[in-house]
Amino acid sequence: MNSLLKTLRIVGFLEGISYILLLGIAVPVKYLLHDPQYVKLLGMPHGILFVTYVVLAILVGTELKWNKKTIGFVLLASIVPFGTFIADKKYFKLAL
């Protein structure tokens with residue numbers, strides 16, 4: 001279980017970074033400079049990391065017997081910028 005939680009922390013970190021890059025750089029470049037290249041470059045890896053994060057969060061939450069509120073917060077963290085970093089600090093580190 002410990003390795004699954006560590007994997008969730010790594011995926012959460014990477015998902016958070018990819019989301020910030022996507023929203024902070026790629027989308028503005030796409031709409032301000034009319035260059036969708038960066039969205040295409042970052043979109044697929046972010047999508048894969050997002051789905052992986054959600055699956056791992058559900059698996060870890062079930063294994064650690066988190067209540068629905070905690071699982072909901074951890075899942076909501078994946079769609080809020082910087083949310084995965086907050087979830088890591090608040091829930092994942094404590095579970096280790």
# chains A, B, ... in the order shown; residues from 1 in each chain; ligands from 1
>>> residues_around(residues="Phe73 in chain A", least_positions_apart="3", cutoff="12 Å", atoms="only C-alpha atoms", output="list in words")
Val54, Ala57, Ile58, Gly61, Trp66, Asn67, Lys68, Lys69, Thr70, Leu76, Ala77, Ser78, Ile79, Val80, Gly83, Thr84, Ile86, Ala87, Asp88, Lys90 and Tyr91 of chain A
>>> write_last_selection(atoms="all heavy atoms", output="short mmCIF file (atom, residue, chain, number, x, y, z; two decimals), in the first residue's frame")
data_model
loop_
_atom_site.label_atom_id
_atom_site.label_comp_id
_atom_site.auth_asym_id
_atom_site.auth_seq_id
_atom_site.Cartn_x
_atom_site.Cartn_y
_atom_site.Cartn_z
N VAL A 54 -6.87 10.10 -10.79
CA VAL A 54 -8.21 9.78 -10.31
C VAL A 54 -8.30 8.30 -9.91
O VAL A 54 -8.81 7.97 -8.84
CB VAL A 54 -9.28 10.14 -11.38
CG1 VAL A 54 -10.63 9.56 -11.02
CG2 VAL A 54 -9.37 11.66 -11.54
N ALA A 57 -6.23 7.72 -6.76
CA ALA A 57 -6.86 8.35 -5.59
C ALA A 57 -8.00 7.48 -5.08
O ALA A 57 -8.15 7.31 -3.86
CB ALA A 57 -7.37 9.74 -5.95
N ILE A 58 -8.77 6.93 -5.97
CA ILE A 58 -9.88 6.05 -5.55
C ILE A 58 -9.33 4.77 -4.92
O ILE A 58 -9.82 4.32 -3.88
CB ILE A 58 -10.81 5.75 -6.74
CG1 ILE A 58 -11.55 7.03 -7.14
CG2 ILE A 58 -11.79 4.63 -6.40
CD1 ILE A 58 -12.32 6.93 -8.43
N GLY A 61 -7.75 5.74 -1.53
CA GLY A 61 -8.82 6.13 -0.61
C GLY A 61 -9.60 4.94 -0.10
O GLY A 61 -9.96 4.85 1.08
N TRP A 66 -10.73 6.07 3.59
CA TRP A 66 -11.09 7.48 3.71
C TRP A 66 -12.60 7.61 3.60
O TRP A 66 -13.25 6.85 2.88
CB TRP A 66 -10.45 8.29 2.58
CG TRP A 66 -8.97 8.51 2.73
CD1 TRP A 66 -8.23 8.41 3.86
CD2 TRP A 66 -8.07 8.89 1.69
NE1 TRP A 66 -6.91 8.70 3.59
CE2 TRP A 66 -6.79 9.01 2.28
CE3 TRP A 66 -8.21 9.15 0.35
CZ2 TRP A 66 -5.67 9.37 1.55
CZ3 TRP A 66 -7.10 9.52 -0.38
CH2 TRP A 66 -5.84 9.63 0.22
N ASN A 67 -13.15 8.61 4.27
CA ASN A 67 -14.59 8.85 4.12
C ASN A 67 -14.87 9.53 2.78
O ASN A 67 -13.95 9.95 2.07
CB ASN A 67 -15.13 9.67 5.30
CG ASN A 67 -14.46 11.03 5.43
OD1 ASN A 67 -14.09 11.65 4.44
ND2 ASN A 67 -14.30 11.48 6.66
N LYS A 68 -16.13 9.64 2.43
CA LYS A 68 -16.50 10.19 1.11
C LYS A 68 -16.06 11.65 0.96
O LYS A 68 -15.70 12.07 -0.13
CB LYS A 68 -18.01 10.07 0.90
CG LYS A 68 -18.46 8.65 0.70
CD LYS A 68 -19.95 8.56 0.49
CE LYS A 68 -20.36 7.10 0.37
NZ LYS A 68 -21.80 6.97 0.18
N LYS A 69 -16.08 12.39 2.05
CA LYS A 69 -15.66 13.80 1.99
C LYS A 69 -14.18 13.91 1.62
O LYS A 69 -13.80 14.73 0.79
CB LYS A 69 -15.93 14.46 3.34
CG LYS A 69 -15.59 15.92 3.38
CD LYS A 69 -15.89 16.51 4.75
CE LYS A 69 -15.47 17.96 4.81
NZ LYS A 69 -15.67 18.53 6.16
N THR A 70 -13.36 13.08 2.21
CA THR A 70 -11.93 13.10 1.93
C THR A 70 -11.66 12.68 0.49
O THR A 70 -10.89 13.34 -0.22
CB THR A 70 -11.17 12.18 2.90
OG1 THR A 70 -11.43 12.63 4.24
CG2 THR A 70 -9.68 12.21 2.64
N LEU A 76 -11.51 16.36 -6.21
CA LEU A 76 -11.71 17.76 -6.61
C LEU A 76 -10.38 18.48 -6.79
O LEU A 76 -10.25 19.35 -7.66
CB LEU A 76 -12.56 18.48 -5.56
CG LEU A 76 -12.90 19.93 -5.83
CD1 LEU A 76 -13.80 20.04 -7.06
CD2 LEU A 76 -13.60 20.55 -4.63
N ALA A 77 -9.38 18.07 -6.03
CA ALA A 77 -8.06 18.69 -6.12
C ALA A 77 -7.45 18.53 -7.52
O ALA A 77 -6.63 19.35 -7.93
CB ALA A 77 -7.13 18.08 -5.08
N SER A 78 -7.89 17.51 -8.25
CA SER A 78 -7.32 17.29 -9.58
C SER A 78 -7.83 18.29 -10.62
O SER A 78 -7.23 18.40 -11.68
CB SER A 78 -7.61 15.86 -10.05
OG SER A 78 -8.99 15.69 -10.26
N ILE A 79 -8.90 19.01 -10.31
CA ILE A 79 -9.42 19.97 -11.29
C ILE A 79 -9.23 21.42 -10.86
O ILE A 79 -9.59 22.33 -11.59
CB ILE A 79 -10.90 19.70 -11.63
CG1 ILE A 79 -11.78 19.76 -10.40
CG2 ILE A 79 -11.06 18.39 -12.34
CD1 ILE A 79 -13.25 19.68 -10.70
N VAL A 80 -8.65 21.62 -9.70
CA VAL A 80 -8.36 22.96 -9.21
C VAL A 80 -6.85 23.20 -9.35
O VAL A 80 -6.06 22.37 -8.91
CB VAL A 80 -8.78 23.10 -7.73
CG1 VAL A 80 -8.39 24.45 -7.17
CG2 VAL A 80 -10.26 22.85 -7.58
N GLY A 83 -4.31 22.26 -6.68
CA GLY A 83 -5.07 21.40 -5.79
C GLY A 83 -4.36 20.13 -5.40
O GLY A 83 -4.45 19.67 -4.26
N THR A 84 -3.63 19.54 -6.34
CA THR A 84 -2.93 18.30 -6.02
C THR A 84 -1.81 18.53 -5.01
O THR A 84 -1.51 17.64 -4.22
CB THR A 84 -2.36 17.64 -7.29
OG1 THR A 84 -1.51 18.55 -7.97
CG2 THR A 84 -3.48 17.18 -8.20
N ILE A 86 -1.97 20.74 -2.55
CA ILE A 86 -2.66 20.87 -1.27
C ILE A 86 -3.08 19.49 -0.76
O ILE A 86 -2.92 19.18 0.42
CB ILE A 86 -3.88 21.80 -1.41
CG1 ILE A 86 -3.41 23.22 -1.76
CG2 ILE A 86 -4.72 21.81 -0.13
CD1 ILE A 86 -4.51 24.15 -2.21
N ALA A 87 -3.61 18.66 -1.66
CA ALA A 87 -4.02 17.30 -1.27
C ALA A 87 -2.82 16.51 -0.79
O ALA A 87 -2.91 15.74 0.18
CB ALA A 87 -4.69 16.60 -2.44
N ASP A 88 -1.68 16.70 -1.43
CA ASP A 88 -0.47 15.99 -1.01
C ASP A 88 -0.08 16.38 0.41
O ASP A 88 0.21 15.52 1.24
CB ASP A 88 0.67 16.28 -1.97
CG ASP A 88 1.95 15.55 -1.59
OD1 ASP A 88 1.95 14.31 -1.66
OD2 ASP A 88 2.91 16.23 -1.21
N LYS A 90 -1.97 17.83 2.73
CA LYS A 90 -3.02 17.62 3.73
C LYS A 90 -3.34 16.15 3.98
O LYS A 90 -3.64 15.77 5.11
CB LYS A 90 -4.28 18.37 3.30
CG LYS A 90 -5.36 18.40 4.34
CD LYS A 90 -6.48 19.33 3.95
CE LYS A 90 -7.51 19.38 5.06
NZ LYS A 90 -8.60 20.29 4.78
N TYR A 91 -3.28 15.32 2.93
CA TYR A 91 -3.72 13.92 3.07
C TYR A 91 -2.64 12.89 2.80
O TYR A 91 -2.51 11.93 3.54
CB TYR A 91 -4.91 13.65 2.14
CG TYR A 91 -6.13 14.44 2.50
CD1 TYR A 91 -6.53 15.52 1.72
CD2 TYR A 91 -6.86 14.15 3.64
CE1 TYR A 91 -7.64 16.27 2.06
CE2 TYR A 91 -7.97 14.90 3.99
CZ TYR A 91 -8.36 15.96 3.19
OH TYR A 91 -9.45 16.70 3.53
#
>>> select_by_dssp(residues="chain A", states="helix (DSSP H, G or I)", output="ChimeraX atom specification")
/A:2-32,37-63,68-76,83-95
>>> atom_distance(atom1="CA of Val55 in chain A", atom2="CA of Leu22 in chain A")
21.1 Å
>>> closest_residue(among="A:Leu23, A:Val74, A:Val39, A:Leu94", to="Leu59 in chain A", atoms="only C-alpha atoms")
A:Val74
>>> atom_distance(atom1="CA of Ser18 in chain A", atom2="CA of Leu4 in chain A")
20.7 Å
>>> closest_residue(among="A:Lys89, A:Val60, A:Gly24, A:Lys65", to="Leu5 in chain A", atoms="only C-alpha atoms")
A:Val60
>>> atom_distance(atom1="CA of Asp35 in chain A", atom2="CA of Leu21 in chain A")
15.0 Å
>>> closest_residue(among="A:Leu41, A:Phe82, A:His34, A:Tyr53", to="Ile10 in chain A", atoms="only C-alpha atoms")
A:Tyr53
